[in-house]
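Okay, my_file20.csv is below, CSV, C-alpha atoms and all ligand atoms:
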chain,number,residue,atom,x,y,z
A,1,MET,CA,-7.5,-14.6,-34.8
A,2,ASN,CA,-8.9,-16.7,-32.0
A,3,ASP,CA,-12.6,-16.7,-31.4
A,4,THR,CA,-12.6,-16.0,-27.7
A,5,ALA,CA,-16.1,-14.6,-27.1
A,6,HIS,CA,-17.4,-17.9,-25.7
A,7,ILE,CA,-14.6,-18.7,-23.2
A,8,ARG,CA,-15.4,-18.5,-19.5
A,9,VAL,CA,-13.3,-18.9,-16.3
A,10,ASP,CA,-13.7,-21.8,-13.9
A,11,GLY,CA,-15.4,-20.3,-10.9
A,12,GLN,CA,-14.8,-23.4,-8.7
A,13,ARG,CA,-11.0,-23.3,-9.5
A,14,LEU,CA,-10.9,-19.6,-8.6
A,15,TRP,CA,-12.7,-20.3,-5.3
A,16,ASN,CA,-10.4,-23.2,-4.5
A,17,SER,CA,-7.4,-21.0,-5.1
A,18,ILE,CA,-8.7,-18.3,-2.9
A,19,MET,CA,-9.4,-20.8,-0.1
A,20,ALA,CA,-5.9,-22.4,-0.5
A,21,ILE,CA,-4.1,-19.0,-0.1
A,22,GLY,CA,-6.4,-18.2,2.9
A,23,GLU,CA,-5.0,-21.3,4.7
A,24,ILE,CA,-1.6,-19.6,4.8
A,25,GLY,CA,-1.5,-17.6,7.9
A,26,PRO,CA,-5.0,-18.5,9.0
A,27,GLY,CA,-6.9,-16.2,11.3
A,28,GLN,CA,-8.8,-17.2,14.4
A,29,HIS,CA,-12.2,-16.4,12.9
A,30,GLY,CA,-12.1,-17.5,9.3
A,31,GLY,CA,-9.9,-14.9,7.8
A,32,SER,CA,-6.2,-14.6,7.3
A,33,CYS,CA,-3.1,-12.8,8.8
A,34,ARG,CA,-0.4,-12.5,6.2
A,35,LEU,CA,1.3,-9.2,7.0
A,36,ALA,CA,3.6,-7.9,4.3
A,37,LEU,CA,7.1,-9.6,4.1
A,38,THR,CA,6.5,-12.1,6.9
A,39,ASP,CA,7.1,-15.8,6.5
A,40,GLU,CA,3.4,-16.2,5.7
A,41,ASP,CA,3.5,-13.6,3.0
A,42,ARG,CA,6.5,-15.4,1.5
A,43,ASP,CA,4.6,-18.7,1.6
A,44,GLY,CA,1.7,-17.1,-0.2
A,45,ARG,CA,3.9,-15.6,-2.8
A,46,ASP,CA,5.7,-19.0,-3.3
A,47,LEU,CA,2.5,-20.8,-3.9
A,48,PHE,CA,1.3,-18.1,-6.3
A,49,ILE,CA,4.6,-18.4,-8.3
A,50,ARG,CA,4.3,-22.2,-8.4
A,51,TRP,CA,0.8,-21.8,-9.9
A,52,CYS,CA,2.0,-19.4,-12.5
A,53,GLU,CA,4.9,-21.5,-13.5
A,54,GLU,CA,2.6,-24.5,-13.9
A,55,ILE,CA,0.9,-22.7,-16.8
A,56,GLY,CA,4.2,-21.6,-18.4
A,57,CYS,CA,4.4,-18.0,-17.1
A,58,SER,CA,7.9,-16.5,-16.6
A,59,ILE,CA,8.4,-14.6,-13.4
A,60,SER,CA,10.1,-11.2,-12.8
A,61,ILE,CA,10.5,-9.6,-9.4
A,62,ASP,CA,11.5,-6.0,-8.9
A,63,ASP,CA,13.5,-4.5,-6.1
A,64,MET,CA,10.3,-3.6,-4.2
A,65,GLY,CA,9.2,-7.2,-4.3
A,66,ASN,CA,6.5,-6.7,-6.9
A,67,ILE,CA,6.0,-9.9,-8.8
A,68,PHE,CA,5.1,-9.9,-12.5
A,69,ALA,CA,4.1,-13.3,-14.0
A,70,ARG,CA,4.2,-13.1,-17.8
A,71,ARG,CA,2.4,-15.0,-20.5
A,72,ASP,CA,3.9,-14.1,-23.9
A,73,GLY,CA,1.7,-12.8,-26.8
A,74,ARG,CA,2.2,-12.8,-30.5
A,75,ASN,CA,4.0,-9.4,-30.4
A,76,ASN,CA,6.2,-9.3,-27.4
A,77,ASP,CA,7.4,-5.8,-28.2
A,78,LEU,CA,4.1,-4.5,-27.1
A,79,ALA,CA,3.7,-3.4,-23.4
A,80,PRO,CA,1.9,-6.1,-21.5
A,81,ILE,CA,-1.7,-5.9,-20.3
A,82,VAL,CA,-1.4,-6.4,-16.6
A,83,ALA,CA,-4.0,-7.5,-14.0
A,84,GLY,CA,-3.6,-8.1,-10.3
A,85,SER,CA,-3.7,-6.7,-6.8
A,86,HIS,CA,-2.0,-7.7,-3.5
A,87,LEU,CA,-1.6,-10.8,-1.3
A,88,ASP,CA,-0.8,-9.2,2.0
A,89,THR,CA,-3.6,-8.8,4.6
A,90,GLN,CA,-4.6,-6.8,7.7
A,91,PRO,CA,-3.8,-8.4,11.1
A,92,HIS,CA,-7.4,-9.5,11.2
A,93,GLY,CA,-7.9,-9.6,7.5
A,94,GLY,CA,-10.4,-11.4,5.3
A,95,LYS,CA,-9.7,-13.9,2.5
A,96,PHE,CA,-10.7,-11.7,-0.4
A,97,ASP,CA,-9.3,-8.1,-0.1
A,98,GLY,CA,-6.5,-8.0,-2.7
A,99,ILE,CA,-6.3,-11.8,-2.9
A,100,TYR,CA,-9.3,-11.9,-5.2
A,101,GLY,CA,-7.7,-9.5,-7.7
A,102,VAL,CA,-4.5,-11.6,-7.9
A,103,LEU,CA,-6.2,-14.9,-8.2
A,104,ALA,CA,-8.9,-13.6,-10.6
A,105,ALA,CA,-6.0,-12.5,-12.8
A,106,LEU,CA,-4.4,-16.0,-12.4
A,107,GLU,CA,-7.8,-17.7,-13.2
A,108,ALA,CA,-8.1,-15.5,-16.3
A,109,VAL,CA,-4.6,-16.5,-17.5
A,110,ARG,CA,-5.3,-20.1,-16.6
A,111,THR,CA,-8.4,-19.9,-18.9
A,112,LEU,CA,-6.3,-18.5,-21.7
A,113,HIS,CA,-3.9,-21.4,-21.2
A,114,ASP,CA,-6.7,-24.0,-21.2
A,115,ASN,CA,-8.2,-22.6,-24.4
A,116,LYS,CA,-4.8,-22.2,-26.0
A,117,VAL,CA,-5.5,-18.6,-26.7
A,118,THR,CA,-2.6,-16.4,-27.9
A,119,THR,CA,-3.1,-12.7,-27.3
A,120,GLU,CA,-1.5,-10.0,-29.4
A,121,ALA,CA,0.2,-8.2,-26.5
A,122,PRO,CA,1.6,-10.3,-23.7
A,123,VAL,CA,-0.4,-10.4,-20.4
A,124,GLU,CA,1.0,-10.3,-16.9
A,125,ILE,CA,-0.3,-11.0,-13.4
A,126,VAL,CA,1.0,-8.6,-10.8
A,127,VAL,CA,1.3,-8.9,-7.0
A,128,TRP,CA,2.0,-5.5,-5.4
A,129,THR,CA,4.0,-5.5,-2.1
A,130,ASN,CA,2.7,-4.1,1.1
A,131,GLU,CA,-0.6,-2.7,-0.1
A,132,GLU,CA,-2.2,-2.8,3.4
A,133,GLY,CA,0.3,-0.6,5.1
A,134,SER,CA,-0.4,-2.4,8.4
A,135,ARG,CA,3.2,-3.7,9.1
A,136,PHE,CA,5.0,-0.9,7.1
A,137,ALA,CA,3.2,2.5,6.8
A,138,PRO,CA,2.1,4.0,4.5
A,139,ALA,CA,-0.2,1.8,2.5
A,140,MET,CA,0.3,1.0,-1.3
A,141,ILE,CA,4.0,1.7,-0.9
A,142,ALA,CA,5.4,-0.5,-3.7
A,143,SER,CA,2.8,0.6,-6.3
A,144,GLY,CA,3.6,4.1,-5.1
A,145,VAL,CA,7.3,3.6,-5.9
A,146,TYR,CA,6.3,2.1,-9.3
A,147,ALA,CA,4.3,5.3,-10.0
A,148,GLY,CA,7.1,7.6,-8.8
A,149,LEU,CA,5.2,8.8,-5.8
A,150,PHE,CA,7.8,7.5,-3.3
A,151,GLU,CA,11.6,7.3,-3.4
A,152,LYS,CA,12.7,3.6,-3.4
A,153,GLU,CA,15.5,4.3,-0.9
A,154,SER,CA,13.2,5.8,1.6
A,155,ALA,CA,10.6,3.0,1.1
A,156,TRP,CA,13.4,0.4,1.9
A,157,GLY,CA,14.1,2.3,5.1
A,158,ILE,CA,10.6,2.2,6.5
A,159,THR,CA,10.6,0.1,9.7
A,160,ASP,CA,7.9,-2.1,11.4
A,161,SER,CA,7.2,-1.8,15.1
A,162,ASP,CA,10.2,-4.1,15.9
A,163,GLY,CA,12.6,-2.0,14.0
A,164,ASN,CA,12.9,-4.3,10.9
A,165,SER,CA,13.3,-2.4,7.7
A,166,LEU,CA,11.2,-3.1,4.6
A,167,GLY,CA,14.4,-3.5,2.5
A,168,ASP,CA,15.9,-6.0,5.0
A,169,GLU,CA,12.7,-8.0,5.2
A,170,LEU,CA,12.5,-8.1,1.3
A,171,LYS,CA,16.0,-9.7,1.3
A,172,ARG,CA,15.2,-12.0,4.2
A,173,ILE,CA,12.2,-13.6,2.5
A,174,GLY,CA,14.0,-13.7,-0.9
A,175,TYR,CA,11.9,-11.2,-2.7
A,176,MET,CA,14.3,-8.3,-3.3
A,177,GLY,CA,14.3,-8.8,-7.1
A,178,ALA,CA,16.9,-7.8,-9.7
A,179,MET,CA,14.6,-5.6,-11.8
A,180,SER,CA,14.4,-1.9,-10.9
A,181,CYS,CA,10.9,-1.0,-9.7
A,182,GLY,CA,9.1,1.2,-12.3
A,183,ASN,CA,11.4,0.2,-15.2
A,184,ASN,CA,9.1,-2.5,-16.7
A,185,PRO,CA,6.3,-0.9,-18.9
A,186,ILE,CA,2.6,-1.5,-18.3
A,187,GLY,CA,0.4,-1.2,-21.4
A,188,ALA,CA,-2.7,-1.2,-19.2
A,189,LEU,CA,-3.6,-2.3,-15.6
A,190,LEU,CA,-6.8,-3.8,-14.5
A,191,GLU,CA,-7.5,-4.5,-10.8
A,192,ALA,CA,-10.5,-6.6,-9.7
A,193,HIS,CA,-11.4,-6.1,-6.1
A,194,ILE,CA,-14.3,-6.7,-3.6
A,195,GLU,CA,-16.1,-3.4,-3.2
A,196,GLN,CA,-15.4,-3.0,0.6
A,197,GLY,CA,-18.6,-1.0,0.7
A,198,PRO,CA,-22.4,-1.7,0.7
A,199,ILE,CA,-23.5,-0.1,-2.6
A,200,LEU,CA,-23.5,-3.0,-5.1
A,201,GLU,CA,-25.2,-5.3,-2.6
A,202,ALA,CA,-27.9,-2.6,-1.8
A,203,ASP,CA,-28.5,-2.0,-5.5
A,204,ASN,CA,-28.4,-5.7,-6.3
A,205,HIS,CA,-25.8,-5.3,-9.0
A,206,GLN,CA,-23.1,-7.9,-9.7
A,207,ILE,CA,-20.4,-5.7,-11.2
A,208,GLY,CA,-19.1,-2.2,-10.4
A,209,VAL,CA,-17.5,-0.5,-13.4
A,210,VAL,CA,-15.1,1.7,-11.5
A,211,VAL,CA,-14.4,5.1,-13.1
A,212,GLY,CA,-12.2,6.6,-10.5
A,213,GLY,CA,-11.4,7.2,-6.8
A,214,GLN,CA,-12.1,9.9,-4.3
A,215,GLY,CA,-9.9,13.0,-3.7
A,216,GLN,CA,-9.3,13.9,-0.1
A,217,HIS,CA,-8.0,16.6,2.2
A,218,TRP,CA,-6.6,16.0,5.6
A,219,TYR,CA,-6.5,18.7,8.3
A,220,ASP,CA,-4.9,19.1,11.7
A,221,VAL,CA,-7.0,21.3,14.0
A,222,THR,CA,-5.9,22.9,17.2
A,223,ILE,CA,-8.4,25.0,19.2
A,224,LYS,CA,-7.0,27.2,22.0
A,225,GLY,CA,-9.3,28.5,24.8
A,226,GLN,CA,-8.4,28.8,28.4
A,227,ASP,CA,-8.0,26.3,31.2
A,228,SER,CA,-10.0,27.2,34.2
A,229,HIS,CA,-11.7,25.8,37.3
A,230,ALA,CA,-14.8,23.7,36.5
A,231,GLY,CA,-16.6,24.8,39.7
A,232,SER,CA,-15.8,28.4,40.2
A,233,THR,CA,-15.9,29.7,36.5
A,234,PRO,CA,-19.4,30.8,35.5
A,235,MET,CA,-20.9,29.5,32.3
A,236,LEU,CA,-20.9,32.9,30.7
A,237,GLY,CA,-17.5,34.0,29.5
A,238,ARG,CA,-15.8,30.5,29.5
A,239,ARG,CA,-13.4,29.8,26.6
A,240,ASP,CA,-14.0,26.1,26.4
A,241,ALA,CA,-12.0,24.6,23.6
A,242,LEU,CA,-13.8,21.2,23.7
A,243,VAL,CA,-17.3,22.8,23.4
A,244,ALA,CA,-16.1,24.6,20.3
A,245,ALA,CA,-14.5,21.4,19.0
A,246,ALA,CA,-17.8,19.5,19.6
A,247,GLU,CA,-19.7,22.1,17.4
A,248,ILE,CA,-17.1,21.7,14.7
A,249,ILE,CA,-17.4,17.9,14.7
A,250,THR,CA,-21.1,18.2,14.2
A,251,MET,CA,-20.6,20.7,11.5
A,252,VAL,CA,-18.1,18.4,9.7
A,253,GLN,CA,-20.7,15.7,9.7
A,254,ASN,CA,-23.3,18.1,8.2
A,255,LEU,CA,-20.8,19.3,5.6
A,256,ALA,CA,-20.8,15.9,4.0
A,257,LEU,CA,-24.5,15.5,4.3
A,258,ASP,CA,-24.9,18.9,2.5
A,259,PHE,CA,-22.9,17.5,-0.4
A,260,ALA,CA,-24.7,14.0,-0.4
A,261,PRO,CA,-24.6,11.4,-1.7
A,262,GLN,CA,-20.9,11.1,-2.6
A,263,ALA,CA,-19.2,13.3,0.0
A,264,VAL,CA,-17.8,11.8,3.2
A,265,SER,CA,-16.2,13.5,6.2
A,266,THR,CA,-14.7,12.2,9.4
A,267,VAL,CA,-13.1,13.4,12.7
A,268,GLY,CA,-11.2,10.3,13.7
A,269,GLU,CA,-8.6,11.4,16.3
A,270,MET,CA,-8.7,13.8,19.2
A,271,SER,CA,-6.8,14.8,22.3
A,272,VAL,CA,-8.0,17.1,25.1
A,273,MET,CA,-5.8,19.1,27.3
A,274,PRO,CA,-5.3,19.1,30.2
A,275,ASN,CA,-7.8,16.1,30.1
A,276,SER,CA,-8.9,16.6,33.7
A,277,ARG,CA,-12.5,16.2,34.8
A,278,ASN,CA,-12.6,19.4,36.9
A,279,THR,CA,-10.7,21.7,34.6
A,280,ILE,CA,-12.4,23.5,31.6
A,281,PRO,CA,-10.4,22.2,28.5
A,282,GLY,CA,-8.1,24.9,27.4
A,283,GLU,CA,-6.8,23.2,24.3
A,284,VAL,CA,-8.1,20.5,21.9
A,285,PHE,CA,-6.4,18.8,19.0
A,286,PHE,CA,-8.3,16.8,16.4
A,287,THR,CA,-8.2,15.7,12.7
A,288,ILE,CA,-10.6,16.2,9.8
A,289,ASP,CA,-10.7,14.0,6.7
A,290,ILE,CA,-13.0,15.1,3.8
A,291,ARG,CA,-13.4,13.2,0.5
A,292,ASN,CA,-15.3,13.6,-2.7
A,293,PRO,CA,-14.7,12.1,-6.2
A,294,ASP,CA,-15.3,15.5,-7.9
A,295,GLU,CA,-12.5,18.0,-7.8
A,296,ASN,CA,-14.8,21.0,-7.9
A,297,VAL,CA,-17.1,19.7,-5.2
A,298,LEU,CA,-14.1,18.8,-3.0
A,299,ALA,CA,-12.8,22.4,-3.4
A,300,GLN,CA,-16.3,23.7,-2.5
A,301,MET,CA,-16.3,21.5,0.6
A,302,ALA,CA,-12.8,22.7,1.6
A,303,ALA,CA,-13.9,26.4,1.2
A,304,GLN,CA,-17.1,25.8,3.3
A,305,LEU,CA,-15.1,23.9,5.9
A,306,GLU,CA,-12.9,26.9,6.4
A,307,SER,CA,-15.7,29.5,6.6
A,308,ARG,CA,-17.8,27.3,8.9
A,309,VAL,CA,-14.9,26.7,11.3
A,310,ALA,CA,-14.2,30.4,11.4
A,311,ALA,CA,-17.8,31.2,12.4
A,312,ILE,CA,-17.8,28.6,15.2
A,313,VAL,CA,-14.5,29.7,16.5
A,314,ASP,CA,-15.7,33.3,16.6
A,315,LYS,CA,-18.9,32.4,18.5
A,316,HIS,CA,-16.9,30.6,21.2
A,317,GLY,CA,-14.2,33.2,21.6
A,318,VAL,CA,-11.4,30.7,21.1
A,319,GLU,CA,-8.5,30.6,18.7
A,320,CYS,CA,-8.1,28.0,16.0
A,321,GLU,CA,-5.3,26.7,13.8
A,322,LEU,CA,-6.7,24.8,10.8
A,323,VAL,CA,-3.8,23.3,8.8
A,324,GLU,CA,-4.3,21.3,5.7
A,325,ILE,CA,-1.5,18.7,6.1
A,326,TRP,CA,-2.1,16.6,2.9
A,327,ASP,CA,-4.4,16.5,-0.1
A,328,LYS,CA,-4.9,14.1,-3.0
A,329,ALA,CA,-6.7,15.0,-6.2
A,330,PRO,CA,-9.6,12.7,-7.2
A,331,VAL,CA,-8.4,9.8,-9.4
A,332,LYS,CA,-9.8,9.4,-12.9
A,333,PHE,CA,-9.3,6.1,-14.6
A,334,ASP,CA,-8.5,5.7,-18.3
A,335,PRO,CA,-11.5,5.9,-20.7
A,336,ASP,CA,-10.3,3.0,-22.8
A,337,CYS,CA,-9.8,0.7,-19.8
A,338,ILE,CA,-13.2,1.7,-18.4
A,339,ALA,CA,-14.8,1.0,-21.8
A,340,ALA,CA,-13.1,-2.4,-22.0
A,341,VAL,CA,-14.6,-3.3,-18.6
A,342,ALA,CA,-18.1,-1.8,-19.5
A,343,GLU,CA,-18.2,-3.6,-22.8
A,344,ALA,CA,-17.1,-6.9,-21.4
A,345,THR,CA,-19.7,-6.6,-18.6
A,346,ALA,CA,-22.5,-5.8,-21.2
A,347,ALA,CA,-21.5,-8.6,-23.5
A,348,LEU,CA,-21.6,-11.1,-20.5
A,349,GLY,CA,-25.0,-9.7,-19.5
A,350,TYR,CA,-24.1,-9.0,-15.8
A,351,SER,CA,-26.1,-6.3,-13.9
A,352,ASN,CA,-23.8,-3.4,-13.3
A,353,GLN,CA,-23.4,0.2,-12.3
A,354,GLN,CA,-20.6,2.8,-12.7
A,355,MET,CA,-19.1,3.8,-9.4
A,356,VAL,CA,-16.1,5.4,-7.7
A,357,SER,CA,-13.8,3.7,-5.2
A,358,GLY,CA,-14.2,4.8,-1.6
A,359,ALA,CA,-10.9,3.1,-0.6
A,360,GLY,CA,-7.4,3.6,-2.0
A,361,HIS,CA,-6.0,0.8,-4.2
A,362,ASP,CA,-2.7,0.0,-6.0
A,363,ALA,CA,-4.6,0.9,-9.2
A,364,CYS,CA,-5.2,4.5,-7.8
A,365,GLN,CA,-1.3,4.9,-7.7
A,366,VAL,CA,-0.4,3.2,-11.0
A,367,CYS,CA,-3.1,5.1,-12.9
A,368,LEU,CA,-0.7,8.1,-12.7
A,369,VAL,CA,1.8,6.4,-15.1
A,370,ALA,CA,-0.3,3.8,-17.0
A,371,PRO,CA,-3.8,3.4,-18.3
A,372,THR,CA,-5.8,1.8,-15.5
A,373,SER,CA,-9.3,0.9,-14.3
A,374,MET,CA,-10.9,-1.4,-11.7
A,375,ILE,CA,-13.7,-4.0,-11.5
A,376,PHE,CA,-15.7,-4.3,-8.2
A,377,VAL,CA,-17.8,-7.2,-7.0
A,378,PRO,CA,-20.1,-7.1,-4.0
A,379,CYS,CA,-19.0,-8.3,-0.5
A,380,ALA,CA,-21.4,-9.3,2.2
A,381,GLY,CA,-22.6,-6.3,4.2
A,382,GLY,CA,-19.9,-4.2,2.6
A,383,LEU,CA,-17.6,-5.5,5.3
A,384,SER,CA,-13.8,-5.6,4.8
A,385,HIS,CA,-10.6,-5.5,6.9
A,386,ASN,CA,-12.4,-8.0,9.0
A,387,GLU,CA,-12.1,-11.8,9.3
A,388,GLN,CA,-15.8,-12.1,8.5
A,389,GLU,CA,-15.3,-10.5,5.1
A,390,SER,CA,-17.1,-12.7,2.5
A,391,ALA,CA,-18.2,-12.7,-1.1
A,392,GLU,CA,-20.5,-15.0,-3.2
A,393,PRO,CA,-18.7,-17.5,-5.5
A,394,ALA,CA,-21.1,-16.5,-8.4
A,395,ASP,CA,-20.1,-12.8,-8.0
A,396,LEU,CA,-16.4,-13.6,-7.8
A,397,GLU,CA,-16.8,-15.7,-11.0
A,398,ALA,CA,-18.7,-12.9,-12.8
A,399,GLY,CA,-16.0,-10.3,-11.9
A,400,CYS,CA,-13.4,-12.8,-13.1
A,401,ASN,CA,-15.1,-13.3,-16.5
A,402,VAL,CA,-15.3,-9.5,-16.9
A,403,LEU,CA,-11.6,-9.3,-16.1
A,404,LEU,CA,-10.8,-12.0,-18.6
A,405,HIS,CA,-12.7,-10.4,-21.5
A,406,ALA,CA,-11.5,-6.8,-20.7
A,407,MET,CA,-7.9,-8.2,-20.7
A,408,LEU,CA,-8.6,-9.9,-24.1
A,409,LYS,CA,-10.1,-6.7,-25.5
A,410,LEU,CA,-7.1,-4.6,-24.4
A,411,ALA,CA,-4.5,-7.2,-25.4
A,412,ASN,CA,-5.9,-7.7,-28.8
A,413,ARG,CA,-6.8,-4.1,-29.6
A,414,THR,CA,-3.8,-3.7,-31.9
A,415,ASN,CA,-5.4,-6.2,-34.1
A,416,GLY,CA,-7.7,-3.4,-35.3
A,501,ZN,ZN,-7.1,-4.3,-1.2

Since I need it in another form, could you write the structure as structure tokens?
Ligand SMILES: [Zn+2]
Amino acid sequence: MNDTAHIRVDGQRLWNSIMAIGEIGPGQHGGSCRLALTDEDRDGRDLFIRWCEEIGCSISIDDMGNIFARRDGRNNDLAPIVAGSHLDTQPHGGKFDGIYGVLAALEAVRTLHDNKVTTEAPVEIVVWTNEEGSRFAPAMIASGVYAGLFEKESAWGITDSDGNSLGDELKRIGYMGAMSCGNNPIGALLEAHIEQGPILEADNHQIGVVVGGQGQHWYDVTIKGQDSHAGSTPMLGRRDALVAAAEIITMVQNLALDFAPQAVSTVGEMSVMPNSRNTIPGEVFFTIDIRNPDENVLAQMAAQLESRVAAIVDKHGVECELVEIWDKAPVKFDPDCIAAVAEATAALGYSNQQMVSGAGHDACQVCLVAPTSMIFVPCAGGLSHNEQESAEPADLEAGCNVLLHAMLKLANRTNG
């Protein structure tokens, strides 16, 4: 057995690789624009594959364009230990969201290669297609197909704003692979990612040991009152749908505060009818998004939301349709994968905390079909989906060392 406890990644090489990919589809303000399945995305993928082949990895691509770069182990009948994330970006994206997880996995495998380490199970680096959902909605579509959440044929049919389909664009850039998406096994999946929130930075911790992701409920709300003249209708007896909606919006904010610190809630979209300055609004449509990592607490929030909406509607003499259009149960990551990350972090001596992911990630899809967990590192000001997104090289290196040693732990666990 190799003695691997002492090996460390090359933080400078990791940084240089992140900067090199960032130059493909450069943004105006220091970030990147590599929308899924554009020429820029293809160029980023091509460079990634070249780097993997330089260290002897074999490449498989599935028919959703997901790339798996494999480094054989001693026992290649074992399902591989997989690490990675995505290379596509938002239109005004940063250099780190997703890219870090792919290149941290590459750096971990480069380190195995440099140190001539043979793992028991094979290891693979994965690039998931169209994580961002910016060009082709919804987000995380290819990891979703892998996890059986979406039909492949309907995913291929999704079009961008110019009418180009995802399937045609996969073929155009040469990334419609031969392997059927979801057919290759994953023994465990680890995804390193910038936090995209302010918690690690505020708590001055270098590593987030991610134990799961939030559950969420989405609602469509329509309030119906009565249109009437803004000048001649007395204040008493009005049925103003917008005033009722305003009270509900404030209530939605208070609902999350009542379930602090982990609950969040948002009204993000609204339309007012007839939207005329001298008519009392007779109808208002808006959306509600509530999230919590605990299934029971989320259910309590949903129950409270319904009763509080009913009370407000009653007070204002308006009618209300509150329709839950989508819900997602909280994600719980795999105990063995979480333990591998926690033990690696402790052995390396990095300051850390357990946390849940506020955002969705490919790992939150794949965890339905394979043991999975995530590693977070801080990003400046918690800012992401922004060209100013940035992270400290030392933190990126720390997260990469944790990834390397968690991968080793999982890939060698059959050694006993
Ligand atoms: Zn991401």

Using all atoms listed in the file, pick whichever of A:Arg71, A:Arg239, A:His92, A:Lys332 has the shortest atom-to-atom distance to Pro371 of chain A. A:Lys332

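Using all atoms listed in the file, the contacts of Ile249 of chain A at a cut-off of 8 Å, with sequence neighbours closer than 4 positions omitted, comprise Ala245, Gln253 and Val267 of chain A.
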
Find, counting only C-alpha atoms, the residue in A:Phe96, A:Ser357, A:Thr279, A:Lys328 that gets nearest to His229 of chain A. A:Thr279

Enumerate residues in contact with ligand ZN 501 (chain A): an atom-to-atom distance of at most 8 Å, counting only C-alpha atoms and all ligand atoms. Format the result as number ranges by chain. A: 85-86, 97-99, 131-132, 193-194, 360-362

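Counting all atoms listed in the file and comparing A:Pro26, A:Pro185, A:Met273, A:Gln216, the residue that lies closest to Asp77 of chain A is A:Pro185.
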
Tell me, as a ChimeraX atom specification, which residues lie within 12 Å of Glu195 of chain A, counting only C-alpha atoms; anything in the same chain fewer than 6 positions away does not count. /A:96-98,100-101,201-202,205-210,355-361,374-385,389-391,395-396,399

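Atom CA of Cys364 of chain A is found 16.2 Å from atom CA of Asn66 of chain A.
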
What's around segment 296-310 of chain A at 10 Å? Count all atoms listed in the file, leave out sequence neighbours fewer than 3 positions away in its own chain, and write the answer as a PyMOL selection string. chain A and resi 214-218+221+244-245+247-249+251-252+255-256+258-259+262-263+265+288+290-293+313-315+319-322+324+329-330

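Atom CA of Cys52 of chain A lies 15.6 Å from atom CA of Trp128 of chain A.
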
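Atom CA of Glu151 of chain A sits 17.7 Å away from atom CA of Trp326 of chain A.
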
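Nearest to Val109 of chain A of all the residues A:Asn401, A:Asp334, A:Leu37, A:Met140 is A:Asn401, based on all atoms listed in the file.
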
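Residues surrounding segment 157-164 of chain A within 12 Å are A:Leu35, A:Ala36, A:Leu37, A:Thr38, A:Met64, A:Asn130, A:Gly133, A:Ser134, A:Arg135, A:Phe136, A:Ala137, A:Pro138, A:Ala139, A:Ile141, A:Ala142, A:Phe150, A:Glu151, A:Lys152, A:Glu169, A:Leu170, A:Lys171, A:Arg172 [all atoms listed in the file; sequence separation below 5 positions excluded].
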
Go ahead and save the residues from that selection, with C-alpha atoms, as a compact mmCIF listing (two decimals), in the frame of the given file.
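selection.txt was written with the following content:
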# COMPACT_ATOMS: atom_id res chain seq x y z
CA LEU A 35 1.30 -9.20 7.00
CA ALA A 36 3.60 -7.90 4.30
CA LEU A 37 7.10 -9.60 4.10
CA THR A 38 6.50 -12.10 6.90
CA MET A 64 10.30 -3.60 -4.20
CA ASN A 130 2.70 -4.10 1.10
CA GLY A 133 0.30 -0.60 5.10
CA SER A 134 -0.40 -2.40 8.40
CA ARG A 135 3.20 -3.70 9.10
CA PHE A 136 5.00 -0.90 7.10
CA ALA A 137 3.20 2.50 6.80
CA PRO A 138 2.10 4.00 4.50
CA ALA A 139 -0.20 1.80 2.50
CA ILE A 141 4.00 1.70 -0.90
CA ALA A 142 5.40 -0.50 -3.70
CA PHE A 150 7.80 7.50 -3.30
CA GLU A 151 11.60 7.30 -3.40
CA LYS A 152 12.70 3.60 -3.40
CA GLU A 169 12.70 -8.00 5.20
CA LEU A 170 12.50 -8.10 1.30
CA LYS A 171 16.00 -9.70 1.30
CA ARG A 172 15.20 -12.00 4.20

Proximity to Leu190 of chain A - best of A:Val318, A:Leu242, A:Ala406, A:Leu348, only C-alpha atoms: A:Ala406

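The nearest approach to Ile55 of chain A among the residues A:His29, A:Val145, A:Ala108, A:Thr250, with all atoms listed in the file taken into account, belongs to A:Ala108.
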
Nearby residues (all atoms listed in the file) at most 9 Å from segment 6-14 of chain A, same-chain spacing under 5 positions excluded, as a PyMOL selection string: chain A and resi 19+100+103-104+106-108+110-112+115+393-394+396-398+400-401+404-405

Output C-alpha atoms for every residue in that selection, as a JSON list (two decimals), in the coordinates of the input.
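Contents of out16.json, freshly written:
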[["chain", "number", "residue", "atom", "x", "y", "z"],
["A", 19, "MET", "CA", -9.40, -20.80, -0.10],
["A", 100, "TYR", "CA", -9.30, -11.90, -5.20],
["A", 103, "LEU", "CA", -6.20, -14.90, -8.20],
["A", 104, "ALA", "CA", -8.90, -13.60, -10.60],
["A", 106, "LEU", "CA", -4.40, -16.00, -12.40],
["A", 107, "GLU", "CA", -7.80, -17.70, -13.20],
["A", 108, "ALA", "CA", -8.10, -15.50, -16.30],
["A", 110, "ARG", "CA", -5.30, -20.10, -16.60],
["A", 111, "THR", "CA", -8.40, -19.90, -18.90],
["A", 112, "LEU", "CA", -6.30, -18.50, -21.70],
["A", 115, "ASN", "CA", -8.20, -22.60, -24.40],
["A", 393, "PRO", "CA", -18.70, -17.50, -5.50],
["A", 394, "ALA", "CA", -21.10, -16.50, -8.40],
["A", 396, "LEU", "CA", -16.40, -13.60, -7.80],
["A", 397, "GLU", "CA", -16.80, -15.70, -11.00],
["A", 398, "ALA", "CA", -18.70, -12.90, -12.80],
["A", 400, "CYS", "CA", -13.40, -12.80, -13.10],
["A", 401, "ASN", "CA", -15.10, -13.30, -16.50],
["A", 404, "LEU", "CA", -10.80, -12.00, -18.60],
["A", 405, "HIS", "CA", -12.70, -10.40, -21.50]]
